[in-house]
Amino acid sequence: MTVKNLSFLYNVRHRYPDPDDPQSQIETDFDDPETIEHIISHLKQCGFHVIPIEANQDAYPALHEQRSKIDMVLNYSMGIYGESRYAQIPAMLEMLRLPYTGSNPLTQALVMNKAKMQEILSANGVPVLPSQVFHSPDDSLPAELDFPLIVKPLGQGSSAGITSKSIVTNRLELSERVESVISVFHEPALVQPFLDGREFSIPMIGNPPVILPVIEPDFSKIPEGYARLDSLEIKWIFEEQSDTHHLVCPAILDNSTKKTIESIALKTWKALQIRDWCRMDMRCDKNGNPYVLDVNSPPGIIPPEISMTSYFPMAARAAGISYDQLLQKLIQTASDRYQKDLY
C-alpha cells in the first residue's frame, strides 16, 4: 500500500520530569512540544502529508472526521488515563479500520502491566525476575525476594518513578517507597530483586524483526551519588545536561552473550506478538544471565537535533540509518504488514 497521508498521534508533556517532584513524573512517557514539532517536520521531509492529532479525549472524533483522508497512522501515543492506556489509541484505530504502526491493543495492554507481561513471558520460557505486586505498603514480602530490591510503578515508562531511592535495602525503605509509588501514580508497585550486572537495551524493527545495535549504559561513567541503573536522574538530567554520555552503542558483546540476548529478544517478540518495532530492556545478574525487565512500545524517537541520547535513533545511527530513513522504514514496515494481511 502507498502511504501519502500520514496521521501522527502523540501525547504532549506539560512539565519536565523532576526526580525531586514526583507529581512532575506523571507525564514522563509523553514528549515536549518542541520534540513533537520536530518529529512532524521530519515526517514532512520524508514526503508525507502529516495530519497531527493529539492523543487526548478529542482524538476519536478527530480521527473519525479525518478517516477518509488517512492512509496510515504513526501511533506514537501512550494514552492518557487508566491501567490500559497504552491500548486506547490502537483500539480506536481498529474500530475505525485505520492502518497503524505498532502492536495491537492486547499487546499494548500487556507491556504496560509489567507483572502480567512477565507472566506471559515466563510461560513462554523467557527469563524474567521473581516479583511481587504491592497494592499496599503493608503487603507481605514473599520469602524468595531478598534485599536489595527495586520498587517501580507497575505501568509506567521512560523511568517514571524510578530514581536512586527506588533501590531499597530493608523493610522500612520498602514500605516507604511502595507508599510513594501508589500515592503518586495511583497504581500498584512492582517489587523485584535489584540486579547489579550489565544492562542492555535492544531496539527491534521489522516483521520478522531485525535487531539494531544493542545499547549498554556504562555505569562507571556516571557521577557518584547516582544509583547504577537507568533512573530518572540519569535519563532526564545527567544524559541531557552532560557534555558526554555513558551509553555505549554498539555494546561490546562476546558471541555467546550476543546470541543469548538476541534469542531472548526474539522469544519475547514472539510471545507478546509484537508488531513493527519496540525496544526491550534486559539486565544481568552477577553471573551474566540476562532477564527481561521491560518492553517499550512504542519506543522513544526524539530527533537528534533535540537529543543525541534517544535510544532508538542512536541505535539506528550506529547501523548507518539516518533519522528520516528510520521514520520511512517504520512506515514501510507497517505498510508491508498490512499489504500481506499480517495482522
# chains A, B, ... in the order shown; residues from 1 in each chain; ligands from 1
call {"tool": "select_by_dssp", "arguments": {"residues": "range 26-123 of chain A", "states": "strand (DSSP E or B)", "output": "VMD selection string"}}
result
chain A and resid 31 49 to 54 72 to 75 100
call {"tool": "write_last_selection", "arguments": {"atoms": "N, CA and C atoms", "output": "PDB file, in the first residue's frame"}}
result
ATOM      1  N   ASP A  31       5.960  13.617  25.392  1.00  0.00           N
ATOM      2  CA  ASP A  31       7.057  14.368  24.776  1.00  0.00           C
ATOM      3  C   ASP A  31       6.797  15.861  24.844  1.00  0.00           C
ATOM      4  N   HIS A  49       2.267  13.835   3.792  1.00  0.00           N
ATOM      5  CA  HIS A  49       1.346  14.882   4.224  1.00  0.00           C
ATOM      6  C   HIS A  49       0.897  14.493   5.626  1.00  0.00           C
ATOM      7  N   VAL A  50       1.293  15.279   6.625  1.00  0.00           N
ATOM      8  CA  VAL A  50       1.113  14.889   8.021  1.00  0.00           C
ATOM      9  C   VAL A  50      -0.162  15.496   8.593  1.00  0.00           C
ATOM     10  N   ILE A  51      -0.949  14.639   9.247  1.00  0.00           N
ATOM     11  CA  ILE A  51      -2.158  15.070   9.950  1.00  0.00           C
ATOM     12  C   ILE A  51      -1.927  14.827  11.444  1.00  0.00           C
ATOM     13  N   PRO A  52      -1.443  15.841  12.195  1.00  0.00           N
ATOM     14  CA  PRO A  52      -1.149  15.639  13.616  1.00  0.00           C
ATOM     15  C   PRO A  52      -2.433  15.610  14.439  1.00  0.00           C
ATOM     16  N   ILE A  53      -2.512  14.654  15.363  1.00  0.00           N
ATOM     17  CA  ILE A  53      -3.660  14.559  16.269  1.00  0.00           C
ATOM     18  C   ILE A  53      -3.149  14.206  17.660  1.00  0.00           C
ATOM     19  N   GLU A  54      -3.442  15.072  18.631  1.00  0.00           N
ATOM     20  CA  GLU A  54      -3.033  14.765  19.997  1.00  0.00           C
ATOM     21  C   GLU A  54      -3.917  13.651  20.546  1.00  0.00           C
ATOM     22  N   MET A  72      -2.377   5.941   6.692  1.00  0.00           N
ATOM     23  CA  MET A  72      -1.684   5.222   7.758  1.00  0.00           C
ATOM     24  C   MET A  72      -1.568   6.137   8.964  1.00  0.00           C
ATOM     25  N   VAL A  73      -1.554   5.531  10.149  1.00  0.00           N
ATOM     26  CA  VAL A  73      -1.349   6.281  11.389  1.00  0.00           C
ATOM     27  C   VAL A  73      -0.019   5.863  12.003  1.00  0.00           C
ATOM     28  N   LEU A  74       0.826   6.835  12.292  1.00  0.00           N
ATOM     29  CA  LEU A  74       2.016   6.574  13.092  1.00  0.00           C
ATOM     30  C   LEU A  74       1.591   6.744  14.542  1.00  0.00           C
ATOM     31  N   ASN A  75       1.429   5.623  15.227  1.00  0.00           N
ATOM     32  CA  ASN A  75       0.944   5.671  16.604  1.00  0.00           C
ATOM     33  C   ASN A  75       2.121   5.830  17.558  1.00  0.00           C
ATOM     34  N   TYR A 100      -2.261   1.202  11.205  1.00  0.00           N
ATOM     35  CA  TYR A 100      -1.401   1.949  12.116  1.00  0.00           C
ATOM     36  C   TYR A 100      -0.116   1.191  12.404  1.00  0.00           C
TER      37      TYR A 100
END
call {"tool": "residues_around", "arguments": {"residues": "Ile215 in chain A", "least_positions_apart": "2", "cutoff": "10 Å", "atoms": "only C-alpha atoms", "output": "list in words"}}
result
Glu199, Phe200, Ser201, Ile202, Pro203, Leu212, Pro213, Pro217, Asp218, Leu247, Val248, Cys249, Pro250, Ala251, Ile252, Asp281, Tyr311, Phe312, Met314, Ala315 and Ala318 of chain A
call {"tool": "atom_distance", "arguments": {"atom1": "CA of Leu253 in chain A", "atom2": "CA of Thr309 in chain A"}}
result
20.3 Å
call {"tool": "atom_distance", "arguments": {"atom1": "CA of Leu43 in chain A", "atom2": "CA of Ser84 in chain A"}}
result
28.1 Å
call {"tool": "atom_distance", "arguments": {"atom1": "CA of Glu179 in chain A", "atom2": "CA of Ile234 in chain A"}}
result
23.0 Å
call {"tool": "residues_around", "arguments": {"residues": "range 290-301 of chain A", "least_positions_apart": "2", "cutoff": "8 Å", "atoms": "only C-alpha atoms", "output": "number ranges by chain"}}
result
A: 75-77, 102-103, 108, 111, 114, 126-129, 157, 261, 264, 277-285, 288, 303, 310-313
call {"tool": "select_by_dssp", "arguments": {"residues": "range 122-280 of chain A", "states": "helix (DSSP H, G or I)", "output": "VMD selection string"}}
result
chain A and resid 122 to 123 164 to 166 171 to 185 219 to 221 232 to 241 255 to 272
call {"tool": "closest_residue", "arguments": {"among": "A:Leu9, A:Ile302, A:Val210, A:Met92", "to": "Asn104 in chain A", "atoms": "only C-alpha atoms"}}
result
A:Met92
call {"tool": "closest_residue", "arguments": {"among": "A:Thr107, A:Leu330, A:Leu190, A:Gly225", "to": "Trp269 in chain A", "atoms": "only C-alpha atoms"}}
result
A:Thr107
call {"tool": "closest_residue", "arguments": {"among": "A:Gln192, A:Ile222, A:Gly197, A:Asn207", "to": "Asn289 in chain A", "atoms": "only C-alpha atoms"}}
result
A:Gly197
call {"tool": "residues_around", "arguments": {"residues": "Ala91 in chain A", "least_positions_apart": "4", "cutoff": "10 Å", "atoms": "only C-alpha atoms", "output": "list in words"}}
result
Tyr86, Ala87, Met95, Leu96, Arg97, Asn104, Pro105, Leu106 and Gln108 of chain A
